Amino acid sequence: MEPDIFPPLGILAELTHRCPLQCGYCSNPLELLKANRELETQTWLDAFEQAADMGVLQVHLSGGEPTLRKDLEEIIGCLSSQGVYTNLITAAVSLSDARLATFKEAGLDHIQISFQGARPETTEKIGHYRNAHQKKVEVAKAARKLGLPVTINAPIHRLNISEVPEFVQLALDLDAERLEIANVQYYGWAELNKAALLPHRTDVDRQVEYVTAIREQLTGILNIDFVPPDYYADYPKPCMGGWAKDAFVITPGGMMLPCHAAQSIKSLTFTSIKDMPLREIWETSKAFNAYRGTDWMNDRCRSCERRDIDFGGCRCQAMALTGDATETDPACIKSPFHEKMAELTFTDHVQRRVIGTADI
Amino acid sequence: MDFGTRQRITLQEDSAPYLPSHVRLMFDKTRQQWAVLAPEKVMWPDDISVEILRKCDGTATTRQIASDLAEEYQAPEAEVYADVLEFLQEWSDRLLVRSVMAAD
């Protein structure tokens, strides 16, 4: 039976791979795209008009650092005029108050600012950018002054997991609406640096306990979204809410992907939005249909009572850890590869995210 | 933990709820369904929830909203009021609804 194809709800638009920070946990691919390969403004605008027609309601403008695109206000304006909800995901170190005001004027709905640490010295050490923390604080304050709702994004790993309570205080101090405590997912640069970034199990348990309690305490005051680390979980995360179910990614060069790490599955062929209408890619491309629905699953997943909860987990993680993208995500206790997830020799060396430097 | 000036709002009968400007109730033409767009969330409220949310204009109190709905649906007002308050408190706790409190 052919799986149902629903209209997409959201897009993660990676406008550029350029970034002033060099975080070792970046989810971008190791082969970062140079500026001269990026899509032109008009291609993005055409794509977003098509997307709105298809039923897309929210677009997350990300990167790299999306504010390095000089046409960002034009892009926001285009989305806003189509009634699409816009979310800017930024590191905020190279963003001026004046530019932020132009985004707001163009119709920006929400801004998500990443903090590499809750303490200035941690933020500076992890992103390798001087005074990054202070700059982020200033942008958060400017956003609140403009009336923009703010999410503080805290990517958590071994080097900052002890700062989780301080992240909560930071979000309150900056009058944030939302705090995202997002344990790093091990793809791209993060996978390369896994041995130096994966937290210890005891720290993860302590974090889960803390977040559960503080979330309850801050009900009606601060929204805390928690992305738990699946390396120590019993069941996998429902990646993308199901492959090609309601969201997709567009890379800086125009490839349309079911998820941001999908290119790690080498057997799939992806299509550029320069070569085909978005709707046609969404509905007909082999890559989007590869793991849609449940027919592709092995018996273990297809007969599982959690089949429609986590959809067999993450295809890219199955690929990375078992060599077979149709395998059960090894984060699942039912996976024969589950034990392998914990087999890791920890190191302290983090490779910086810099174009052309990945030691693969 | 220092909460600053922020505190959880407990809705009363004279609270006048409203959706902040970054929480958008809209009719989605593609799916022929009402949607609420909020930071990194899309919600699909059912018909009665939509009726309640459409009345949240920052002027009507929870009591008035319930009374209007009771009349429209020919339902007992006390029951409707309890349901409306429970629903709006939940949305307030998720920061999707704000509230103007009556002046002291």
# chains A, B, ... in the order shown; residues from 1 in each chain; ligands from 1
$ residues_around --residues "Asp175 in chain A" --least-positions-apart "2" --cutoff "12 Å" --atoms "only C-alpha atoms" --output "PyMOL selection string"
(chain A and resi 137+140-145+147-152+168-173+177-179+221-223) or (chain B and resi 2-7)
$ write_last_selection --atoms "N, CA and C atoms" --output "PDB file, in the first residue's frame"
ATOM      1  N   VAL A 137      23.798  38.396  24.588  1.00  0.00           N
ATOM      2  CA  VAL A 137      22.942  39.018  25.608  1.00  0.00           C
ATOM      3  C   VAL A 137      22.359  40.326  25.068  1.00  0.00           C
ATOM      4  N   ALA A 140      19.612  39.598  22.550  1.00  0.00           N
ATOM      5  CA  ALA A 140      18.395  39.127  23.240  1.00  0.00           C
ATOM      6  C   ALA A 140      17.638  40.312  23.831  1.00  0.00           C
ATOM      7  N   LYS A 141      18.382  41.231  24.436  1.00  0.00           N
ATOM      8  CA  LYS A 141      17.723  42.406  25.034  1.00  0.00           C
ATOM      9  C   LYS A 141      17.092  43.288  23.961  1.00  0.00           C
ATOM     10  N   ALA A 142      17.811  43.464  22.856  1.00  0.00           N
ATOM     11  CA  ALA A 142      17.279  44.284  21.761  1.00  0.00           C
ATOM     12  C   ALA A 142      15.998  43.654  21.206  1.00  0.00           C
ATOM     13  N   ALA A 143      15.992  42.334  21.111  1.00  0.00           N
ATOM     14  CA  ALA A 143      14.811  41.632  20.585  1.00  0.00           C
ATOM     15  C   ALA A 143      13.606  41.868  21.499  1.00  0.00           C
ATOM     16  N   ARG A 144      13.818  41.759  22.811  1.00  0.00           N
ATOM     17  CA  ARG A 144      12.716  41.970  23.753  1.00  0.00           C
ATOM     18  C   ARG A 144      12.205  43.402  23.667  1.00  0.00           C
ATOM     19  N   LYS A 145      13.145  44.349  23.468  1.00  0.00           N
ATOM     20  CA  LYS A 145      12.769  45.757  23.352  1.00  0.00           C
ATOM     21  C   LYS A 145      11.870  45.975  22.129  1.00  0.00           C
ATOM     22  N   GLY A 147       9.856  43.827  21.080  1.00  0.00           N
ATOM     23  CA  GLY A 147       8.633  43.045  21.279  1.00  0.00           C
ATOM     24  C   GLY A 147       8.675  41.674  20.632  1.00  0.00           C
ATOM     25  N   LEU A 148       9.869  41.223  20.239  1.00  0.00           N
ATOM     26  CA  LEU A 148       9.992  39.888  19.640  1.00  0.00           C
ATOM     27  C   LEU A 148      10.087  38.829  20.742  1.00  0.00           C
ATOM     28  N   PRO A 149       9.335  37.733  20.613  1.00  0.00           N
ATOM     29  CA  PRO A 149       9.515  36.650  21.573  1.00  0.00           C
ATOM     30  C   PRO A 149      10.860  35.949  21.314  1.00  0.00           C
ATOM     31  N   VAL A 150      11.524  35.564  22.413  1.00  0.00           N
ATOM     32  CA  VAL A 150      12.873  35.000  22.314  1.00  0.00           C
ATOM     33  C   VAL A 150      12.897  33.566  22.850  1.00  0.00           C
ATOM     34  N   THR A 151      13.554  32.687  22.097  1.00  0.00           N
ATOM     35  CA  THR A 151      13.908  31.370  22.630  1.00  0.00           C
ATOM     36  C   THR A 151      15.414  31.346  22.836  1.00  0.00           C
ATOM     37  N   ILE A 152      15.837  30.881  23.998  1.00  0.00           N
ATOM     38  CA  ILE A 152      17.262  30.635  24.220  1.00  0.00           C
ATOM     39  C   ILE A 152      17.497  29.165  23.906  1.00  0.00           C
ATOM     40  N   VAL A 168      18.840  28.013  32.770  1.00  0.00           N
ATOM     41  CA  VAL A 168      17.467  28.365  33.151  1.00  0.00           C
ATOM     42  C   VAL A 168      17.441  29.798  33.700  1.00  0.00           C
ATOM     43  N   GLN A 169      18.401  30.105  34.559  1.00  0.00           N
ATOM     44  CA  GLN A 169      18.461  31.459  35.114  1.00  0.00           C
ATOM     45  C   GLN A 169      18.714  32.494  34.015  1.00  0.00           C
ATOM     46  N   LEU A 170      19.587  32.157  33.084  1.00  0.00           N
ATOM     47  CA  LEU A 170      19.892  33.059  31.965  1.00  0.00           C
ATOM     48  C   LEU A 170      18.619  33.355  31.161  1.00  0.00           C
ATOM     49  N   ALA A 171      17.841  32.330  30.876  1.00  0.00           N
ATOM     50  CA  ALA A 171      16.604  32.506  30.099  1.00  0.00           C
ATOM     51  C   ALA A 171      15.620  33.408  30.844  1.00  0.00           C
ATOM     52  N   LEU A 172      15.549  33.239  32.167  1.00  0.00           N
ATOM     53  CA  LEU A 172      14.664  34.096  32.966  1.00  0.00           C
ATOM     54  C   LEU A 172      15.180  35.534  32.964  1.00  0.00           C
ATOM     55  N   ASP A 173      16.488  35.686  33.142  1.00  0.00           N
ATOM     56  CA  ASP A 173      17.084  37.027  33.182  1.00  0.00           C
ATOM     57  C   ASP A 173      16.876  37.778  31.871  1.00  0.00           C
ATOM     58  N   GLU A 177      10.874  33.624  26.319  1.00  0.00           N
ATOM     59  CA  GLU A 177       9.579  32.958  26.331  1.00  0.00           C
ATOM     60  C   GLU A 177       9.786  31.450  26.492  1.00  0.00           C
ATOM     61  N   ARG A 178      10.908  31.013  25.901  1.00  0.00           N
ATOM     62  CA  ARG A 178      11.167  29.588  25.780  1.00  0.00           C
ATOM     63  C   ARG A 178      12.630  29.301  25.978  1.00  0.00           C
ATOM     64  N   LEU A 179      12.922  28.178  26.591  1.00  0.00           N
ATOM     65  CA  LEU A 179      14.302  27.692  26.682  1.00  0.00           C
ATOM     66  C   LEU A 179      14.316  26.294  26.083  1.00  0.00           C
ATOM     67  N   ILE A 221       5.483  30.331  33.498  1.00  0.00           N
ATOM     68  CA  ILE A 221       6.508  31.385  33.625  1.00  0.00           C
ATOM     69  C   ILE A 221       7.498  31.297  32.469  1.00  0.00           C
ATOM     70  N   LEU A 222       8.002  30.096  32.217  1.00  0.00           N
ATOM     71  CA  LEU A 222       8.967  29.885  31.139  1.00  0.00           C
ATOM     72  C   LEU A 222       8.688  28.513  30.523  1.00  0.00           C
ATOM     73  N   ASN A 223       8.578  28.473  29.189  1.00  0.00           N
ATOM     74  CA  ASN A 223       8.415  27.174  28.519  1.00  0.00           C
ATOM     75  C   ASN A 223       9.787  26.535  28.351  1.00  0.00           C
TER      76      ASN A 223
ATOM     77  N   ASP B   2      16.048  32.879  40.660  1.00  0.00           N
ATOM     78  CA  ASP B   2      15.411  34.189  40.762  1.00  0.00           C
ATOM     79  C   ASP B   2      14.455  34.368  39.586  1.00  0.00           C
ATOM     80  N   PHE B   3      13.147  34.395  39.862  1.00  0.00           N
ATOM     81  CA  PHE B   3      12.143  34.483  38.791  1.00  0.00           C
ATOM     82  C   PHE B   3      11.947  35.914  38.312  1.00  0.00           C
ATOM     83  N   GLY B   4      12.607  36.896  38.957  1.00  0.00           N
ATOM     84  CA  GLY B   4      12.398  38.296  38.607  1.00  0.00           C
ATOM     85  C   GLY B   4      10.956  38.682  38.902  1.00  0.00           C
ATOM     86  N   THR B   5      10.341  39.396  37.941  1.00  0.00           N
ATOM     87  CA  THR B   5       8.969  39.848  38.178  1.00  0.00           C
ATOM     88  C   THR B   5       7.957  38.856  37.607  1.00  0.00           C
ATOM     89  N   ARG B   6       8.484  37.750  37.079  1.00  0.00           N
ATOM     90  CA  ARG B   6       7.574  36.849  36.379  1.00  0.00           C
ATOM     91  C   ARG B   6       6.869  35.906  37.329  1.00  0.00           C
ATOM     92  N   GLN B   7       5.575  35.733  37.132  1.00  0.00           N
ATOM     93  CA  GLN B   7       4.850  34.761  37.924  1.00  0.00           C
ATOM     94  C   GLN B   7       3.747  34.120  37.102  1.00  0.00           C
TER      95      GLN B   7
END
$ interface_residues --of "chain B" --to "chain A" --cutoff "7 Å" --atoms "only C-alpha atoms" --output "compact mmCIF listing (two decimals) with all heavy atoms, in the first residue's frame"
# COMPACT_ATOMS: atom_id res chain seq x y z
N MET B 1 16.79 30.01 42.53
CA MET B 1 16.38 30.55 41.22
C MET B 1 15.64 31.86 41.42
O MET B 1 14.72 31.96 42.23
CB MET B 1 15.48 29.51 40.54
CG MET B 1 15.17 29.77 39.10
SD MET B 1 16.44 29.38 37.87
CE MET B 1 17.21 27.87 38.46
N ASP B 2 16.05 32.88 40.66
CA ASP B 2 15.41 34.19 40.76
C ASP B 2 14.46 34.37 39.59
O ASP B 2 14.88 34.48 38.45
CB ASP B 2 16.51 35.27 40.75
CG ASP B 2 15.94 36.67 40.70
OD1 ASP B 2 14.71 36.82 40.91
OD2 ASP B 2 16.71 37.61 40.45
N PHE B 3 13.15 34.39 39.86
CA PHE B 3 12.14 34.48 38.79
C PHE B 3 11.95 35.91 38.31
O PHE B 3 11.18 36.16 37.39
CB PHE B 3 10.79 33.93 39.25
CG PHE B 3 10.78 32.46 39.55
CD1 PHE B 3 9.64 31.84 40.02
CD2 PHE B 3 11.93 31.69 39.38
CE1 PHE B 3 9.63 30.48 40.30
CE2 PHE B 3 11.93 30.33 39.66
CZ PHE B 3 10.78 29.73 40.12
N ARG B 6 8.48 37.75 37.08
CA ARG B 6 7.57 36.85 36.38
C ARG B 6 6.87 35.91 37.33
O ARG B 6 7.47 35.36 38.24
CB ARG B 6 8.37 36.05 35.34
CG ARG B 6 8.96 36.98 34.30
CD ARG B 6 10.05 36.33 33.53
NE ARG B 6 9.58 35.20 32.75
CZ ARG B 6 10.11 34.84 31.59
NH1 ARG B 6 11.11 35.53 31.07
NH2 ARG B 6 9.66 33.81 30.95
N GLN B 7 5.58 35.73 37.13
CA GLN B 7 4.85 34.76 37.92
C GLN B 7 3.75 34.12 37.10
O GLN B 7 3.30 34.68 36.11
CB GLN B 7 4.30 35.40 39.18
CG GLN B 7 3.52 36.67 38.91
CD GLN B 7 2.95 37.25 40.20
OE1 GLN B 7 2.53 36.53 41.10
NE2 GLN B 7 2.94 38.56 40.29
N ARG B 8 3.34 32.95 37.57
CA ARG B 8 2.26 32.23 36.89
C ARG B 8 0.95 32.98 37.13
O ARG B 8 0.68 33.43 38.24
CB ARG B 8 2.18 30.82 37.45
CG ARG B 8 1.04 30.01 36.89
CD ARG B 8 1.13 28.56 37.37
NE ARG B 8 0.03 27.78 36.80
CZ ARG B 8 -0.99 27.33 37.53
NH1 ARG B 8 -1.06 27.56 38.82
NH2 ARG B 8 -1.95 26.63 36.94
N ILE B 9 0.15 33.12 36.08
CA ILE B 9 -1.14 33.79 36.20
C ILE B 9 -2.23 32.76 36.47
O ILE B 9 -2.32 31.74 35.78
CB ILE B 9 -1.47 34.56 34.90
CG1 ILE B 9 -0.53 35.75 34.76
CG2 ILE B 9 -2.93 35.01 34.87
CD1 ILE B 9 -0.52 36.38 33.39
N HIS B 22 2.46 37.26 18.86
CA HIS B 22 3.23 36.19 18.22
C HIS B 22 2.53 34.83 18.28
O HIS B 22 3.09 33.81 17.88
CB HIS B 22 4.63 36.10 18.83
CG HIS B 22 4.62 35.76 20.29
ND1 HIS B 22 4.58 36.71 21.27
CD2 HIS B 22 4.64 34.57 20.93
CE1 HIS B 22 4.57 36.13 22.45
NE2 HIS B 22 4.60 34.82 22.27
N THR B 30 -5.24 25.23 3.02
CA THR B 30 -4.82 23.95 2.47
C THR B 30 -5.53 22.79 3.16
O THR B 30 -6.00 21.85 2.52
CB THR B 30 -3.29 23.77 2.66
OG1 THR B 30 -2.65 24.91 2.11
CG2 THR B 30 -2.79 22.52 1.97
N LEU B 37 -0.51 29.25 15.28
CA LEU B 37 0.93 29.28 15.04
C LEU B 37 1.61 29.99 16.21
O LEU B 37 1.22 31.10 16.57
CB LEU B 37 1.24 30.03 13.74
CG LEU B 37 0.52 29.54 12.48
CD1 LEU B 37 1.02 30.31 11.26
CD2 LEU B 37 0.76 28.06 12.28
N PRO B 39 5.70 30.16 18.55
CA PRO B 39 7.12 29.86 18.37
C PRO B 39 7.40 28.35 18.30
O PRO B 39 7.22 27.64 19.28
CB PRO B 39 7.78 30.49 19.59
CG PRO B 39 6.89 31.66 19.88
CD PRO B 39 5.50 31.17 19.59
N SER B 92 -2.79 29.38 29.16
CA SER B 92 -2.02 30.42 29.85
C SER B 92 -0.73 29.81 30.42
O SER B 92 0.34 30.42 30.36
CB SER B 92 -2.88 31.02 30.97
OG SER B 92 -2.12 31.91 31.74
N ASP B 93 -0.84 28.59 30.94
CA ASP B 93 0.33 27.92 31.51
C ASP B 93 1.36 27.58 30.44
O ASP B 93 2.54 27.43 30.73
CB ASP B 93 -0.09 26.64 32.24
CG ASP B 93 -0.72 26.94 33.59
OD1 ASP B 93 -0.57 28.09 34.07
OD2 ASP B 93 -1.38 26.05 34.16
N ARG B 94 0.90 27.47 29.19
CA ARG B 94 1.84 27.24 28.09
C ARG B 94 2.25 28.55 27.43
O ARG B 94 2.87 28.56 26.36
CB ARG B 94 1.21 26.29 27.06
CG ARG B 94 0.99 24.88 27.64
CD ARG B 94 -0.06 24.12 26.86
NE ARG B 94 0.45 23.74 25.54
CZ ARG B 94 -0.34 23.29 24.55
NH1 ARG B 94 -1.64 23.20 24.74
NH2 ARG B 94 0.18 22.98 23.40
N LEU B 95 1.87 29.66 28.03
CA LEU B 95 2.21 31.02 27.58
C LEU B 95 1.60 31.35 26.22
O LEU B 95 2.10 32.23 25.51
CB LEU B 95 3.72 31.25 27.56
CG LEU B 95 4.48 30.98 28.86
CD1 LEU B 95 5.97 31.24 28.67
CD2 LEU B 95 3.95 31.82 30.01
$ closest_residue --among "B:Tyr81, B:Gln89, B:Arg31, B:Val50" --to "Gln64 in chain B" --atoms "only C-alpha atoms"
B:Tyr81
$ select_by_dssp --residues "range 90-210 of chain A" --states "strand (DSSP E)" --output "PyMOL selection string"
chain A and resi 90+110-114+150-156+178-183
$ write_last_selection --atoms "N, CA and C atoms" --output "mmCIF file, in the first residue's frame"
data_model
loop_
_atom_site.group_PDB
_atom_site.id
_atom_site.type_symbol
_atom_site.label_atom_id
_atom_site.label_comp_id
_atom_site.auth_asym_id
_atom_site.auth_seq_id
_atom_site.Cartn_x
_atom_site.Cartn_y
_atom_site.Cartn_z
ATOM 1 N N THR A 90 19.650 31.978 15.155
ATOM 2 C CA THR A 90 20.903 32.712 14.986
ATOM 3 C C THR A 90 21.865 32.540 16.156
ATOM 4 N N HIS A 110 9.613 35.468 15.414
ATOM 5 C CA HIS A 110 10.243 34.869 16.592
ATOM 6 C C HIS A 110 11.743 34.715 16.334
ATOM 7 N N ILE A 111 12.535 34.859 17.384
ATOM 8 C CA ILE A 111 13.991 34.680 17.230
ATOM 9 C C ILE A 111 14.499 33.658 18.241
ATOM 10 N N GLN A 112 15.341 32.758 17.743
ATOM 11 C CA GLN A 112 15.975 31.767 18.615
ATOM 12 C C GLN A 112 17.474 32.068 18.647
ATOM 13 N N ILE A 113 17.992 32.337 19.842
ATOM 14 C CA ILE A 113 19.408 32.689 19.985
ATOM 15 C C ILE A 113 20.132 31.554 20.704
ATOM 16 N N SER A 114 21.216 31.074 20.087
ATOM 17 C CA SER A 114 21.965 29.981 20.715
ATOM 18 C C SER A 114 22.974 30.548 21.719
ATOM 19 N N VAL A 150 11.524 35.564 22.413
ATOM 20 C CA VAL A 150 12.873 35.000 22.314
ATOM 21 C C VAL A 150 12.897 33.566 22.850
ATOM 22 N N THR A 151 13.554 32.687 22.097
ATOM 23 C CA THR A 151 13.908 31.370 22.630
ATOM 24 C C THR A 151 15.414 31.346 22.836
ATOM 25 N N ILE A 152 15.837 30.881 23.998
ATOM 26 C CA ILE A 152 17.262 30.635 24.220
ATOM 27 C C ILE A 152 17.497 29.165 23.906
ATOM 28 N N ASN A 153 18.422 28.921 22.984
ATOM 29 C CA ASN A 153 18.753 27.540 22.622
ATOM 30 C C ASN A 153 20.065 27.155 23.284
ATOM 31 N N ALA A 154 20.014 26.109 24.085
ATOM 32 C CA ALA A 154 21.209 25.648 24.788
ATOM 33 C C ALA A 154 21.573 24.248 24.301
ATOM 34 N N PRO A 155 22.543 24.138 23.392
ATOM 35 C CA PRO A 155 22.970 22.805 22.938
ATOM 36 C C PRO A 155 23.864 22.181 24.015
ATOM 37 N N ILE A 156 23.422 21.046 24.554
ATOM 38 C CA ILE A 156 24.094 20.464 25.731
ATOM 39 C C ILE A 156 24.998 19.298 25.340
ATOM 40 N N ARG A 178 10.908 31.013 25.901
ATOM 41 C CA ARG A 178 11.167 29.588 25.780
ATOM 42 C C ARG A 178 12.630 29.301 25.978
ATOM 43 N N LEU A 179 12.922 28.178 26.591
ATOM 44 C CA LEU A 179 14.302 27.692 26.682
ATOM 45 C C LEU A 179 14.316 26.294 26.083
ATOM 46 N N GLU A 180 15.241 26.098 25.151
ATOM 47 C CA GLU A 180 15.352 24.783 24.537
ATOM 48 C C GLU A 180 16.620 24.152 25.082
ATOM 49 N N ILE A 181 16.472 23.150 25.920
ATOM 50 C CA ILE A 181 17.633 22.417 26.421
ATOM 51 C C ILE A 181 17.793 21.228 25.490
ATOM 52 N N ALA A 182 18.664 21.406 24.515
ATOM 53 C CA ALA A 182 18.747 20.448 23.416
ATOM 54 C C ALA A 182 20.046 19.674 23.502
ATOM 55 N N ASN A 183 19.968 18.447 23.970
ATOM 56 C CA ASN A 183 21.169 17.621 23.985
ATOM 57 C C ASN A 183 21.604 17.380 22.544
#
$ residues_around --residues "Gln33 in chain B" --least-positions-apart "6" --cutoff "9 Å" --atoms "only C-alpha atoms" --output "list in words"
Met26, Phe27, Trp44, Pro45 and Asp46 of chain B
$ select_by_dssp --residues "range 60-305 of chain A" --states "alpha helix (DSSP H)" --output "JSON, numbers by chain"
{"A": [72, 73, 74, 75, 76, 77, 78, 79, 80, 81, 97, 98, 99, 100, 101, 102, 103, 104, 105, 106, 120, 121, 122, 123, 124, 125, 126, 127, 132, 133, 134, 135, 136, 137, 138, 139, 140, 141, 142, 143, 144, 145, 164, 165, 166, 167, 168, 169, 170, 171, 172, 173, 188, 189, 190, 191, 192, 194, 195, 196, 197, 201, 202, 203, 204, 205, 206, 207, 208, 209, 210, 211, 212, 213, 214, 215, 216, 217, 278, 279, 280, 281, 282, 283, 284, 286, 287, 288, 289, 299, 300, 301, 302]}
$ write_last_selection --atoms "C-alpha atoms" --output "PDB file, in the first residue's frame"
ATOM      1  CA  LEU A  72      17.532  38.047   4.812  1.00  0.00           C
ATOM      2  CA  GLU A  73      15.089  40.940   5.270  1.00  0.00           C
ATOM      3  CA  GLU A  74      13.797  40.360   1.747  1.00  0.00           C
ATOM      4  CA  ILE A  75      13.327  36.657   2.489  1.00  0.00           C
ATOM      5  CA  ILE A  76      11.488  37.397   5.758  1.00  0.00           C
ATOM      6  CA  GLY A  77       9.296  39.955   3.959  1.00  0.00           C
ATOM      7  CA  CYS A  78       8.375  37.430   1.266  1.00  0.00           C
ATOM      8  CA  LEU A  79       7.401  34.759   3.815  1.00  0.00           C
ATOM      9  CA  SER A  80       5.510  37.219   5.965  1.00  0.00           C
ATOM     10  CA  SER A  81       3.452  38.469   3.006  1.00  0.00           C
ATOM     11  CA  ASP A  97      20.323  46.145  16.736  1.00  0.00           C
ATOM     12  CA  ALA A  98      19.545  48.148  13.587  1.00  0.00           C
ATOM     13  CA  ARG A  99      19.519  45.039  11.380  1.00  0.00           C
ATOM     14  CA  LEU A 100      17.346  43.172  13.873  1.00  0.00           C
ATOM     15  CA  ALA A 101      14.879  46.079  13.709  1.00  0.00           C
ATOM     16  CA  THR A 102      14.676  45.688   9.907  1.00  0.00           C
ATOM     17  CA  PHE A 103      13.877  41.972  10.362  1.00  0.00           C
ATOM     18  CA  LYS A 104      11.093  42.865  12.782  1.00  0.00           C
ATOM     19  CA  GLU A 105       9.774  45.447  10.339  1.00  0.00           C
ATOM     20  CA  ALA A 106       9.824  42.841   7.552  1.00  0.00           C
ATOM     21  CA  PRO A 120      30.714  33.878  29.259  1.00  0.00           C
ATOM     22  CA  GLU A 121      33.933  31.851  29.416  1.00  0.00           C
ATOM     23  CA  THR A 122      32.163  28.665  28.300  1.00  0.00           C
ATOM     24  CA  THR A 123      30.385  30.395  25.401  1.00  0.00           C
ATOM     25  CA  GLU A 124      33.693  31.836  24.228  1.00  0.00           C
ATOM     26  CA  LYS A 125      35.590  28.565  24.581  1.00  0.00           C
ATOM     27  CA  ILE A 126      33.081  26.400  22.700  1.00  0.00           C
ATOM     28  CA  GLY A 127      32.300  28.791  19.832  1.00  0.00           C
ATOM     29  CA  ALA A 132      30.355  36.099  22.022  1.00  0.00           C
ATOM     30  CA  HIS A 133      28.341  35.857  25.237  1.00  0.00           C
ATOM     31  CA  GLN A 134      28.010  39.609  25.731  1.00  0.00           C
ATOM     32  CA  LYS A 135      26.957  40.084  22.105  1.00  0.00           C
ATOM     33  CA  LYS A 136      24.270  37.428  22.415  1.00  0.00           C
ATOM     34  CA  VAL A 137      22.942  39.018  25.608  1.00  0.00           C
ATOM     35  CA  GLU A 138      22.740  42.380  23.835  1.00  0.00           C
ATOM     36  CA  VAL A 139      20.805  40.920  20.882  1.00  0.00           C
ATOM     37  CA  ALA A 140      18.395  39.127  23.240  1.00  0.00           C
ATOM     38  CA  LYS A 141      17.723  42.406  25.034  1.00  0.00           C
ATOM     39  CA  ALA A 142      17.279  44.284  21.761  1.00  0.00           C
ATOM     40  CA  ALA A 143      14.811  41.632  20.585  1.00  0.00           C
ATOM     41  CA  ARG A 144      12.716  41.970  23.753  1.00  0.00           C
ATOM     42  CA  LYS A 145      12.769  45.757  23.352  1.00  0.00           C
ATOM     43  CA  VAL A 164      21.960  23.499  32.839  1.00  0.00           C
ATOM     44  CA  PRO A 165      20.558  25.261  35.968  1.00  0.00           C
ATOM     45  CA  GLU A 166      22.451  28.412  34.964  1.00  0.00           C
ATOM     46  CA  PHE A 167      20.890  28.254  31.486  1.00  0.00           C
ATOM     47  CA  VAL A 168      17.467  28.365  33.151  1.00  0.00           C
ATOM     48  CA  GLN A 169      18.461  31.459  35.114  1.00  0.00           C
ATOM     49  CA  LEU A 170      19.892  33.059  31.965  1.00  0.00           C
ATOM     50  CA  ALA A 171      16.604  32.506  30.099  1.00  0.00           C
ATOM     51  CA  LEU A 172      14.664  34.096  32.966  1.00  0.00           C
ATOM     52  CA  ASP A 173      17.084  37.027  33.182  1.00  0.00           C
ATOM     53  CA  GLY A 188      27.901  15.985  11.043  1.00  0.00           C
ATOM     54  CA  TRP A 189      30.599  17.646  13.144  1.00  0.00           C
ATOM     55  CA  ALA A 190      29.042  16.368  16.346  1.00  0.00           C
ATOM     56  CA  GLU A 191      29.488  12.780  15.183  1.00  0.00           C
ATOM     57  CA  LEU A 192      33.100  13.508  14.330  1.00  0.00           C
ATOM     58  CA  LYS A 194      31.393  12.403  19.658  1.00  0.00           C
ATOM     59  CA  ALA A 195      34.121  10.979  21.866  1.00  0.00           C
ATOM     60  CA  ALA A 196      34.850  14.444  23.254  1.00  0.00           C
ATOM     61  CA  LEU A 197      31.232  15.642  23.516  1.00  0.00           C
ATOM     62  CA  ARG A 201      25.627   8.772  31.980  1.00  0.00           C
ATOM     63  CA  THR A 202      25.469  10.028  35.583  1.00  0.00           C
ATOM     64  CA  ASP A 203      25.429  13.650  34.384  1.00  0.00           C
ATOM     65  CA  VAL A 204      22.645  12.865  31.926  1.00  0.00           C
ATOM     66  CA  ASP A 205      20.532  11.227  34.657  1.00  0.00           C
ATOM     67  CA  ARG A 206      21.067  14.221  36.928  1.00  0.00           C
ATOM     68  CA  GLN A 207      20.101  16.588  34.095  1.00  0.00           C
ATOM     69  CA  VAL A 208      16.861  14.720  33.314  1.00  0.00           C
ATOM     70  CA  GLU A 209      15.877  14.812  36.976  1.00  0.00           C
ATOM     71  CA  TYR A 210      16.652  18.526  37.258  1.00  0.00           C
ATOM     72  CA  VAL A 211      14.829  19.527  34.068  1.00  0.00           C
ATOM     73  CA  THR A 212      11.728  17.515  34.992  1.00  0.00           C
ATOM     74  CA  ALA A 213      11.492  19.319  38.351  1.00  0.00           C
ATOM     75  CA  ILE A 214      12.276  22.871  37.197  1.00  0.00           C
ATOM     76  CA  ARG A 215       9.899  22.584  34.258  1.00  0.00           C
ATOM     77  CA  GLU A 216       7.051  21.868  36.640  1.00  0.00           C
ATOM     78  CA  GLN A 217       8.132  24.729  38.893  1.00  0.00           C
ATOM     79  CA  LEU A 278       9.059  21.626  -4.624  1.00  0.00           C
ATOM     80  CA  ARG A 279       5.702  19.863  -4.763  1.00  0.00           C
ATOM     81  CA  GLU A 280       6.988  17.342  -7.283  1.00  0.00           C
ATOM     82  CA  ILE A 281      10.059  16.591  -5.164  1.00  0.00           C
ATOM     83  CA  TRP A 282       7.904  16.227  -2.028  1.00  0.00           C
ATOM     84  CA  GLU A 283       5.410  13.885  -3.651  1.00  0.00           C
ATOM     85  CA  THR A 284       7.361  11.879  -6.205  1.00  0.00           C
ATOM     86  CA  LYS A 286      12.473   8.377  -4.450  1.00  0.00           C
ATOM     87  CA  ALA A 287      14.410   9.860  -1.523  1.00  0.00           C
ATOM     88  CA  PHE A 288      11.276  11.318   0.067  1.00  0.00           C
ATOM     89  CA  ASN A 289       9.312   8.111  -0.481  1.00  0.00           C
ATOM     90  CA  ASP A 299       9.639  -6.988  10.878  1.00  0.00           C
ATOM     91  CA  ARG A 300      10.946  -5.862  14.273  1.00  0.00           C
ATOM     92  CA  CYS A 301       9.773  -2.298  13.675  1.00  0.00           C
ATOM     93  CA  ARG A 302       6.650  -3.071  11.665  1.00  0.00           C
TER      94      ARG A 302
END
$ closest_residue --among "A:Ile89, A:Met240, A:Ala176, A:Leu61" --to "Ile309 in chain A" --atoms "only C-alpha atoms"
A:Met240
$ residues_around --residues "Leu96 in chain B" --least-positions-apart "4" --cutoff "8 Å" --atoms "only C-alpha atoms" --output "PyMOL selection string"
chain B and resi 19-20+23+38+91-92
